[in-house]
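Inspection log for the structure reproduced underneath, given as structure tokens.
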Amino acid sequence: MIDHMSALFTLGNMQFLLRGAGMTLLLTMIGCTAGLFGGFLLAYARGSKGTLTAPLRWGATAFVEIFRRIPFLVTLFLVLYTAQMIVPRAPLFWVAVVSICLLCSAYMAEIVRSGMESVPAPQIEAAEVMNFSRWRITWMIVLPQAWKVILPSAVSYMVMFVKDTALASQAGVFELMFAGKALANRGLDPFLVFATVLFAYFVISWPLARFGRWLEAQLARRTHEGDRR
Amino acid sequence: MAHLDISGLEVRYGTVPVLSGIDLAVERGELVGLVGPSGSGKSTLLRALVGLVPPAAGRVVLEGKDVDYASKASLRGLRDHAAIVFQQYNLFQNMSVLDNITVTPVKVRGRPKAEAEAEARALLARVGLAGKERAYPDQLSGGQQQRVAIARALALKPALILLDEVTAALDPELVRDVLDVIKDLAGEGITMLLVSHEMGFIREAAHRVVMMDAGRVVEVGPPSQIFDAPTEERTRAFMSKIIRH
């Protein structure tokens with residue numbers, strides 16, 4: 001056991017795992033940031049009225065419904081093979097980034113939408129009757145109230161999503177899980193390797209989960225910015 | 001011609017008619033109370049007038065102008081002259097009282113900020129809320145919020161104000177303050193349609209009362225007629241129920 005441990009816990013191996021963990025964190029951050037923007041655009045498109053924007057509305061709805069329902073692994077391979085058709089040597093990192101953005105946007109779209117729907121309808125109708133444009137209603141009235149509902153859900157989704165990024169290793173993307181598999185393949189004790197990987201996932205997601213809960217408590221306590229202005 | 005002329009107005013939810021053939025002419029500066037049982041279409045009538053519910057048929061003429069609810073430009077024109085106040089959640093919760101009142105004059109109509117703010121302060125004083133400019137809606141009572149909502153409507157300088165059960169969600173002791181503000185507005189040249197269950201107030205303040213039932217106008221007349229000597233059986237039945245409870 002001691003031998004196994006000293007074989008695994010070398011500076012080189014730890015740096016290797018750390019690079020994997022860094023990539024996991026990076027993929028999570030990119031996914032959730034892009035997802036928040038993409039999700040907003042999708043939610044905005046889905047909420048449009050009128051016949052002219054109908055194709056946009058249906059397109060956004062189809063996007064959200066499809067990518068929320070198919071397994072992430074399927075999305076990943078879909079993007080991988082599509083990318084390879086267009087660019088023969090498509091870099092795997094970007095394949096992972098694109099897949100992750102697709103998935104995150106679809107999920108965040110629902111989080112953003114339910115956040116925007118939490119704003120009482122009469123406020124929106126009042127603005128409509130006062131000749132506010134839809135964009136102005138969203139920007140000046142809905143989002144300033146909805147983000148308090150959106151943010152905690154977005155963070156808790158992010159915590160879940162950290163784990164989903166492990167699937168990217170299936171497409172050969174270098175991240176934490178991939179680093180673990182590589183070490184195990186090198187003949188290091190798989191139990192120890194994956195226990196270390198598990199610990200690393202925990203170290204990434206636990207503070208994030210705590211941050212989410214803290215944020216929720218803060219936002220619940222603070223009803224509006226006016227108190228501190 | 002009447003200031004607001006509604007003829008043959010119809011609203012349907014799917015195939016279910018909610019308003020059928022509403023005819024009503026309202027003179028400038030008139031305060032008209034709408035009464036009737038729940039679900040009789042009073043609120044729907046107000047919502048249809050400002051285009052929140054698209055009418056299926058009929059004609060609405062405000063200040064001599066035909067309103068085309070299918071046309072965005074026509075609807076914008078109408079909404080420049082009409083304001084509506086709802087039962088609750090009227091105010092933008094993320095804005096101060098002052099911003100609530102000035103946001104439309106400044107951002108939508110492009111008026112100078114200082115001018116709009118001075119007017120807003122005067123309006124707040126008028127509804128008895130001077131000094132509350134910096135407060136946020138959730139720091140005010142329901143009655144105060146409704147008075148801000150009325151001040152906000154007035155800041156638009158509307159020719160027509162629609163009041164949809166504006167006191168229904170308030171604690172009884174706060175109702176009077178709001179009603180006093182409304183009464184104060186009557187006779188200032190602003191045409192008002194008021195949906196309310198405050199029968200005492202309607203009897204005292206309204207120039208005319210419209211009795212509605214099942215999406216139709218049953219009877220129109222001065223308060224003395226509707227409350228004391230209704231000509232229609234349906235009105236009589238409704239009034240007797242109101243008085244008895």
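Chain labels A, B, ... are given in the sequence in which chains occur in the structure tokens; within each chain residues are numbered consecutively from 1, and ligands are likewise numbered from 1 in the order shown.
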
Open item on the list: To test your reading of the structure, identify every residue in range 5-183 of chain A that backbone DSSP assigns to helix (DSSP H, G or I), and report it as a PyMOL selection string.
Closed with: chain A and resi 5-8+11-46+54-69+72-86+92-117+121-129+134-171+176-183

- [ ] Pick out the residues sitting within 6 Å of Ile84 in chain B, and hand them over as a list of chain:residue names; count only C-alpha atoms, and ignore anything fewer than 3 positions along from it in its own chain.
- [x]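 Once the nearby chain positions are removed, what remains is B:Ile161, B:Leu162, B:Leu163.
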
Residues of chain A within 10 Å of chain B: nearest atom pair and distance (Å, one decimal) for each, counting only C-alpha atoms, sorted by chain and number, as a Markdown table?
```
| residue | atom | partner | partner_atom | distance |
| --- | --- | --- | --- | --- |
| A:Val119 | CA | B:Gln93 | CA | 9.2 |
| A:Pro120 | CA | B:Tyr89 | CA | 6.6 |
| A:Ala121 | CA | B:Tyr89 | CA | 8.0 |
| A:Pro122 | CA | B:Tyr89 | CA | 5.7 |
| A:Gln123 | CA | B:Asn90 | CA | 5.1 |
| A:Ile124 | CA | B:Asn90 | CA | 8.6 |
| A:Glu125 | CA | B:Leu52 | CA | 7.3 |
| A:Ala126 | CA | B:Asn90 | CA | 6.4 |
| A:Ala127 | CA | B:Thr104 | CA | 8.5 |
| A:Glu128 | CA | B:Leu52 | CA | 8.3 |
| A:Val129 | CA | B:Arg79 | CA | 5.9 |
| A:Met130 | CA | B:Arg79 | CA | 6.3 |
| A:Asn131 | CA | B:Arg76 | CA | 6.2 |
| A:Phe132 | CA | B:Val108 | CA | 6.7 |
| A:Ser133 | CA | B:Val108 | CA | 8.9 |
| A:Arg136 | CA | B:Val108 | CA | 9.5 |
| A:Met140 | CA | B:Asn94 | CA | 8.6 |
| A:Ile141 | CA | B:Phe92 | CA | 6.5 |
| A:Val142 | CA | B:Asn94 | CA | 9.0 |
| A:Leu143 | CA | B:Asn94 | CA | 9.6 |
| A:Pro144 | CA | B:Asn94 | CA | 6.5 |
| A:Gln145 | CA | B:Asn94 | CA | 6.4 |
| A:Thr223 | CA | B:Asp138 | CA | 8.3 |
| A:His224 | CA | B:Asn94 | CA | 6.5 |
| A:Glu225 | CA | B:Asn94 | CA | 8.0 |
| A:Gly226 | CA | B:Tyr136 | CA | 7.4 |
| A:Asp227 | CA | B:Tyr136 | CA | 9.1 |
```

Open item on the list: Which residues are near range 40-55 of chain A? Cut-off 9 Å, only C-alpha atoms, ignore same chain within fewer than 2 positions. Put them as a list of chain:residue names.
Closed with: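 The residues satisfying every condition are A:Gly35, A:Leu36, A:Phe37, A:Gly38, A:Arg57, A:Trp58, A:Gly59, A:Ala60, A:Thr61, A:Phe63, A:Val64, A:Ser105, A:Ala106, A:Met108, A:Ala109, A:Glu110, A:Ile111, A:Val112, A:Arg113, A:Met116, A:Arg134, A:Trp135, A:Thr138.
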
Task: Residue nearest Ala146 in chain A - candidates A:Ala209, A:Leu103, A:Leu219, A:Met160, atoms counted: only C-alpha atoms - done: A:Leu219

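Every protein or nucleic acid residue with an atom no more than 8 Å from Gly172 in chain A, counting only C-alpha atoms and leaving out same-chain residues fewer than 4 positions away, appears here: Leu92, Ala168 and Phe178 of chain A.
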
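The coordinates place CA of Asn13 in chain A at 18.4 Å from CA of Ile204 in chain A.
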
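Residues within 12 Å of Leu174 in chain B, counting only C-alpha atoms and excluding same-chain residues fewer than 3 positions away, are Leu140, Ser141, Gly142, Gly143, Gln144, Gln145, Gln146, Arg147, Val166, Thr167, Ala168, Ala169, Leu170, Asp171, Asp177, Val178, Leu179, Asp180 and Val181 of chain B.
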
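Taking CA of Ala200 in chain A and CA of Asp3 in chain A as endpoints, the distance between them is 21.5 Å.
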
Open item on the list: Can you pull out the residues contacting Gly200 in chain B? Cut-off 10 Å, using only C-alpha atoms, and skip same-chain residues under 4 positions away; I want them as a list in words.
Closed with: Glu204, Ala205 and Phe227 of chain B

Those same residues - N, CA, C and O atoms - I'd like them written as a PDB file, in the first residue's frame.
```
ATOM      1  N   GLU B 204     -71.423  57.011  -3.944  1.00  0.00           N
ATOM      2  CA  GLU B 204     -71.133  58.392  -3.544  1.00  0.00           C
ATOM      3  C   GLU B 204     -70.343  59.161  -4.611  1.00  0.00           C
ATOM      4  O   GLU B 204     -70.540  60.360  -4.786  1.00  0.00           O
ATOM      5  N   ALA B 205     -69.452  58.458  -5.352  1.00  0.00           N
ATOM      6  CA  ALA B 205     -68.538  59.195  -6.235  1.00  0.00           C
ATOM      7  C   ALA B 205     -68.850  59.064  -7.720  1.00  0.00           C
ATOM      8  O   ALA B 205     -68.520  59.961  -8.502  1.00  0.00           O
ATOM      9  N   PHE B 227     -78.746  51.528  -7.669  1.00  0.00           N
ATOM     10  CA  PHE B 227     -78.732  50.999  -6.303  1.00  0.00           C
ATOM     11  C   PHE B 227     -80.127  50.951  -5.669  1.00  0.00           C
ATOM     12  O   PHE B 227     -80.430  50.054  -4.900  1.00  0.00           O
TER      13      PHE B 227
END
```

Open item on the list: Please determine, counting only C-alpha atoms, which residue among A:Glu216, A:Lys163, A:Leu192, A:Cys101 has the shortest atom-to-atom distance to Met1 in chain A.
Closed with: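 So, comparing all the options, the nearest one is A:Leu192.
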
TODO: Mind the document's chain letters and residue numbers, and return as a PyMOL selection string the residues of range 10-222 of chain B that DSSP labels strand (DSSP E or B).
DONE: chain B and resi 10-13+16-26+31-35+57-62+65-66+82-85+160-164+191-195+208-213+216-221

Task: Within 8 Å of Arg121 in chain B using only C-alpha atoms, minus same-chain residues under 3 positions, as number ranges by chain - done: B: 98, 117-118, 124-125, 130, 133
